[in-house]
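S.K.: Take this structure, written in C-alpha coordinates, and hold onto it; I'll ask about it next.
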Amino acid sequence: MSTFGVVLVTASSREEALRLADHLVNESLAACVSFFPMHSVYSWQGTIHHDDEWQMVIKTNLDYFNLLAARVKELHSYEVPEVIALPITQGSKPYLDWLAEQTTFK
(Lines give C-alpha, C1' and ligand atoms only; values in the text may rest on other atoms or scores of the structure.)
Protein backbone atom coordinates (compact mmCIF):
# COMPACT_ATOMS: atom_id res chain seq x y z
CA MET A 1 0.00 0.00 0.00
CA SER A 2 1.27 3.46 -0.90
CA THR A 3 2.12 6.11 1.66
CA PHE A 4 0.82 9.55 0.81
CA GLY A 5 2.13 12.81 2.17
CA VAL A 6 2.98 16.42 1.63
CA VAL A 7 6.45 17.61 0.81
CA LEU A 8 7.47 21.13 1.79
CA VAL A 9 9.84 23.05 -0.47
CA THR A 10 10.63 26.76 -0.33
CA ALA A 11 11.31 28.65 -3.54
CA SER A 12 12.98 32.01 -4.09
CA SER A 13 10.11 33.45 -6.16
CA ARG A 14 6.61 32.77 -7.41
CA GLU A 15 8.07 32.07 -10.84
CA GLU A 16 10.44 29.44 -9.47
CA ALA A 17 7.63 27.80 -7.47
CA LEU A 18 5.44 27.69 -10.58
CA ARG A 19 8.25 26.24 -12.71
CA LEU A 20 9.01 23.53 -10.13
CA ALA A 21 5.30 22.74 -9.71
CA ASP A 22 4.81 22.40 -13.47
CA HIS A 23 7.69 19.92 -13.72
CA LEU A 24 6.59 17.84 -10.73
CA VAL A 25 2.94 17.58 -11.80
CA ASN A 26 3.82 16.99 -15.46
CA GLU A 27 6.20 14.18 -14.46
CA SER A 28 3.59 12.61 -12.12
CA LEU A 29 5.83 13.14 -9.10
CA ALA A 30 3.09 15.32 -7.57
CA ALA A 31 -0.68 15.27 -7.84
CA CYS A 32 -1.03 18.91 -6.81
CA VAL A 33 1.23 21.72 -5.68
CA SER A 34 -0.07 24.69 -3.72
CA PHE A 35 2.14 27.63 -2.81
CA PHE A 36 1.91 30.90 -0.94
CA PRO A 37 4.21 33.81 -0.04
CA MET A 38 6.02 33.81 3.29
CA HIS A 39 8.96 35.43 5.03
CA SER A 40 11.85 33.30 6.33
CA VAL A 41 14.56 34.03 8.88
CA TYR A 42 17.41 31.53 8.74
CA SER A 43 21.15 31.12 9.18
CA TRP A 44 23.20 30.35 6.08
CA GLN A 45 26.99 30.19 6.04
CA GLY A 46 27.25 32.03 9.35
CA THR A 47 24.93 34.91 8.44
CA ILE A 48 21.32 35.51 9.49
CA HIS A 49 19.11 36.09 6.43
CA HIS A 50 15.63 37.62 6.14
CA ASP A 51 14.07 36.66 2.81
CA ASP A 52 10.71 36.63 1.13
CA GLU A 53 10.11 33.13 -0.23
CA TRP A 54 7.30 30.94 -1.52
CA GLN A 55 6.27 27.87 0.49
CA MET A 56 5.31 24.96 -1.72
CA VAL A 57 3.01 22.23 -0.39
CA ILE A 58 3.40 19.23 -2.68
CA LYS A 59 0.80 16.45 -2.41
CA THR A 60 2.39 13.19 -3.48
CA ASN A 61 2.96 9.48 -3.10
CA LEU A 62 5.91 9.22 -0.71
CA ASP A 63 7.02 6.02 -2.45
CA TYR A 64 8.54 8.46 -4.98
CA PHE A 65 10.10 10.81 -2.41
CA ASN A 66 13.71 10.12 -3.49
CA LEU A 67 12.86 10.80 -7.15
CA LEU A 68 10.96 13.96 -6.23
CA ALA A 69 13.77 15.20 -3.98
CA ALA A 70 16.38 14.56 -6.69
CA ARG A 71 14.27 16.42 -9.26
CA VAL A 72 13.80 19.39 -6.92
CA LYS A 73 17.56 19.52 -6.29
CA GLU A 74 18.23 19.36 -10.04
CA LEU A 75 15.81 22.19 -10.89
CA HIS A 76 16.11 24.44 -7.81
CA SER A 77 18.14 27.65 -7.62
CA TYR A 78 19.22 27.00 -4.01
CA GLU A 79 22.39 25.09 -3.24
CA VAL A 80 20.54 23.23 -0.45
CA PRO A 81 16.78 23.40 -1.05
CA GLU A 82 14.33 22.49 1.67
CA VAL A 83 12.72 19.12 0.89
CA ILE A 84 10.78 17.84 3.92
CA ALA A 85 8.17 15.06 3.80
CA LEU A 86 5.23 14.79 6.19
CA PRO A 87 2.99 11.72 6.01
CA ILE A 88 -0.76 12.01 5.58
CA THR A 89 -2.16 9.91 8.40
CA GLN A 90 -5.82 10.36 7.47
CA GLY A 91 -7.61 11.51 4.32
CA SER A 92 -10.85 11.14 2.44
CA LYS A 93 -10.83 8.01 0.29
CA PRO A 94 -11.87 9.83 -2.91
CA TYR A 95 -9.04 12.36 -2.50
CA LEU A 96 -6.43 9.70 -1.71
CA ASP A 97 -7.66 7.63 -4.68
CA TRP A 98 -7.25 10.68 -6.92
CA LEU A 99 -3.79 11.33 -5.46
CA ALA A 100 -2.81 7.73 -6.22
CA GLU A 101 -4.05 8.01 -9.82
CA GLN A 102 -2.12 11.24 -10.41
CA THR A 103 1.17 9.98 -9.00
CA THR A 104 1.57 6.81 -10.98
CA PHE A 105 5.17 7.51 -11.93
CA LYS A 106 5.74 7.10 -15.64
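Within each chain, counting starts at residue 1; across the C-alpha coordinates, chains are named A, B, ... in the order shown, with ligands numbered 1 upward in that order.
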Please identify which residues in chain A DSSP calls strand (DSSP E) from the backbone, and express them as an NGL selection string.
M.R.: :A and (4-11 or 32-44 or 47-61 or 84-87)
S.K.: Can I get the selection written as a short mmCIF file (atom, residue, chain, number, x, y, z; two decimals), in the first residue's frame, with N, CA, C and O atoms?
M.R.:
```cif
data_model
loop_
_atom_site.label_atom_id
_atom_site.label_comp_id
_atom_site.auth_asym_id
_atom_site.auth_seq_id
_atom_site.Cartn_x
_atom_site.Cartn_y
_atom_site.Cartn_z
N PHE A 4 1.00 8.22 1.37
CA PHE A 4 0.82 9.55 0.81
C PHE A 4 1.29 10.59 1.81
O PHE A 4 1.33 10.35 3.01
N GLY A 5 1.67 11.75 1.29
CA GLY A 5 2.13 12.81 2.17
C GLY A 5 2.23 14.14 1.45
O GLY A 5 1.90 14.25 0.27
N VAL A 6 2.68 15.11 2.20
CA VAL A 6 2.98 16.42 1.63
C VAL A 6 4.47 16.65 1.78
O VAL A 6 5.09 16.23 2.77
N VAL A 7 5.04 17.26 0.78
CA VAL A 7 6.45 17.61 0.81
C VAL A 7 6.53 19.12 0.79
O VAL A 7 5.88 19.77 -0.06
N LEU A 8 7.29 19.69 1.71
CA LEU A 8 7.47 21.13 1.79
C LEU A 8 8.77 21.52 1.10
O LEU A 8 9.81 20.92 1.37
N VAL A 9 8.67 22.50 0.23
CA VAL A 9 9.84 23.05 -0.47
C VAL A 9 9.66 24.56 -0.50
O VAL A 9 8.56 25.04 -0.81
N THR A 10 10.70 25.32 -0.17
CA THR A 10 10.63 26.76 -0.33
C THR A 10 11.31 27.14 -1.64
O THR A 10 12.29 26.52 -2.05
N ALA A 11 10.76 28.15 -2.28
CA ALA A 11 11.31 28.65 -3.54
C ALA A 11 11.61 30.14 -3.39
O ALA A 11 11.00 30.83 -2.57
N CYS A 32 -0.64 17.51 -6.94
CA CYS A 32 -1.03 18.91 -6.81
C CYS A 32 0.05 19.64 -6.04
O CYS A 32 0.66 19.08 -5.12
N VAL A 33 0.29 20.88 -6.41
CA VAL A 33 1.23 21.72 -5.68
C VAL A 33 0.54 23.05 -5.40
O VAL A 33 0.08 23.72 -6.31
N SER A 34 0.45 23.40 -4.13
CA SER A 34 -0.07 24.69 -3.72
C SER A 34 1.12 25.50 -3.20
O SER A 34 2.07 24.94 -2.66
N PHE A 35 1.06 26.82 -3.37
CA PHE A 35 2.14 27.63 -2.81
C PHE A 35 1.63 29.00 -2.43
O PHE A 35 0.63 29.48 -2.96
N PHE A 36 2.33 29.60 -1.47
CA PHE A 36 1.91 30.90 -0.94
C PHE A 36 3.15 31.67 -0.48
O PHE A 36 4.18 31.07 -0.13
N PRO A 37 3.06 33.01 -0.47
CA PRO A 37 4.21 33.81 -0.04
C PRO A 37 4.42 33.71 1.47
O PRO A 37 3.47 33.53 2.24
N MET A 38 5.68 33.82 1.87
CA MET A 38 6.02 33.81 3.29
C MET A 38 7.33 34.55 3.49
O MET A 38 8.01 34.90 2.51
N HIS A 39 7.69 34.80 4.71
CA HIS A 39 8.96 35.43 5.03
C HIS A 39 9.75 34.48 5.92
O HIS A 39 9.22 33.94 6.89
N SER A 40 11.01 34.24 5.57
CA SER A 40 11.85 33.30 6.33
C SER A 40 13.02 34.02 6.97
O SER A 40 13.61 34.93 6.38
N VAL A 41 13.36 33.58 8.17
CA VAL A 41 14.56 34.03 8.88
C VAL A 41 15.37 32.76 9.12
O VAL A 41 14.88 31.81 9.72
N TYR A 42 16.60 32.74 8.63
CA TYR A 42 17.41 31.53 8.74
C TYR A 42 18.89 31.89 8.73
O TYR A 42 19.29 32.99 8.33
N SER A 43 19.70 30.95 9.19
CA SER A 43 21.15 31.12 9.18
C SER A 43 21.73 30.35 8.01
O SER A 43 21.40 29.17 7.81
N TRP A 44 22.54 31.01 7.21
CA TRP A 44 23.20 30.35 6.08
C TRP A 44 24.64 30.84 6.01
O TRP A 44 24.88 32.05 5.92
N THR A 47 25.63 33.63 8.51
CA THR A 47 24.93 34.91 8.44
C THR A 47 23.43 34.69 8.58
O THR A 47 22.88 33.75 8.00
N ILE A 48 22.77 35.55 9.35
CA ILE A 48 21.32 35.51 9.49
C ILE A 48 20.71 36.23 8.28
O ILE A 48 21.08 37.35 7.95
N HIS A 49 19.78 35.54 7.61
CA HIS A 49 19.11 36.09 6.43
C HIS A 49 17.63 36.30 6.73
O HIS A 49 17.02 35.55 7.48
N HIS A 50 17.06 37.31 6.10
CA HIS A 50 15.63 37.62 6.14
C HIS A 50 15.20 37.70 4.69
O HIS A 50 15.56 38.65 3.98
N ASP A 51 14.43 36.72 4.22
CA ASP A 51 14.07 36.66 2.81
C ASP A 51 12.59 36.37 2.61
O ASP A 51 12.00 35.58 3.34
N ASP A 52 12.03 37.01 1.59
CA ASP A 52 10.71 36.63 1.13
C ASP A 52 10.87 35.39 0.26
O ASP A 52 11.76 35.34 -0.60
N GLU A 53 10.05 34.38 0.52
CA GLU A 53 10.11 33.13 -0.23
C GLU A 53 8.68 32.67 -0.51
O GLU A 53 7.72 33.29 -0.08
N TRP A 54 8.58 31.56 -1.22
CA TRP A 54 7.30 30.94 -1.52
C TRP A 54 7.34 29.53 -0.96
O TRP A 54 8.24 28.76 -1.28
N GLN A 55 6.37 29.21 -0.08
CA GLN A 55 6.27 27.87 0.49
C GLN A 55 5.43 27.00 -0.43
O GLN A 55 4.29 27.33 -0.73
N MET A 56 6.02 25.91 -0.87
CA MET A 56 5.31 24.96 -1.72
C MET A 56 4.83 23.80 -0.86
O MET A 56 5.58 23.29 -0.01
N VAL A 57 3.60 23.38 -1.07
CA VAL A 57 3.01 22.23 -0.39
C VAL A 57 2.68 21.23 -1.51
O VAL A 57 1.74 21.43 -2.27
N ILE A 58 3.48 20.19 -1.59
CA ILE A 58 3.40 19.23 -2.68
C ILE A 58 2.70 17.97 -2.19
O ILE A 58 3.19 17.30 -1.28
N LYS A 59 1.54 17.66 -2.77
CA LYS A 59 0.80 16.45 -2.41
C LYS A 59 1.28 15.32 -3.31
O LYS A 59 1.24 15.45 -4.54
N THR A 60 1.74 14.22 -2.69
CA THR A 60 2.39 13.19 -3.48
C THR A 60 2.29 11.82 -2.84
O THR A 60 1.85 11.66 -1.69
N ASN A 61 2.77 10.84 -3.58
CA ASN A 61 2.96 9.48 -3.10
C ASN A 61 4.40 9.43 -2.58
O ASN A 61 5.34 9.59 -3.35
N ILE A 84 11.20 18.50 2.68
CA ILE A 84 10.78 17.84 3.92
C ILE A 84 9.47 17.12 3.68
O ILE A 84 8.50 17.73 3.22
N ALA A 85 9.40 15.84 4.00
CA ALA A 85 8.17 15.06 3.80
C ALA A 85 7.43 14.87 5.12
O ALA A 85 8.04 14.56 6.14
N LEU A 86 6.12 15.04 5.06
CA LEU A 86 5.23 14.79 6.19
C LEU A 86 4.16 13.80 5.74
O LEU A 86 3.49 14.04 4.72
N PRO A 87 3.99 12.70 6.45
CA PRO A 87 2.99 11.72 6.01
C PRO A 87 1.57 12.21 6.23
O PRO A 87 1.30 12.97 7.16
#
```
S.K.: With only C-alpha atoms as the basis for distance, which of A:Leu96, A:Arg14, A:Gln45, A:Ala69 is at the shortest distance from Pro81 in chain A?
M.R.: A:Ala69
S.K.: Which of these, A:Phe65, A:Ala30, A:Thr3, A:Ala100, has the shortest distance to Val83 in chain A once you count only C-alpha atoms?
M.R.: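 Among the listed residues, the smallest separation from Val83 in chain A belongs to A:Phe65.
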S.K.: Can you tell me how far CA of Arg71 in chain A sits from CA of Glu27 in chain A, in Å to one decimal?
M.R.: 9.9 Å
S.K.: Could you tell me, as an MDAnalysis selection string, which residues of range 32-99 of chain A DSSP assigns to helix (DSSP H, G or I) when given the backbone?
M.R.: chainID A and resid 62:75 93:99
S.K.: Suppose you want the space between CA of Glu16 in chain A and CA of Ala70 in chain A; what is it in Å?
M.R.: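 Between CA of Glu16 in chain A and CA of Ala70 in chain A the gap works out to 16.3 Å.
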S.K.: With only C-alpha atoms as the basis for distance, which of A:Gln102, A:Leu24, A:Lys93, A:Leu18 is at the shortest distance from Val72 in chain A?
M.R.: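 Selected residue with least distance to Val72 in chain A: A:Leu24.
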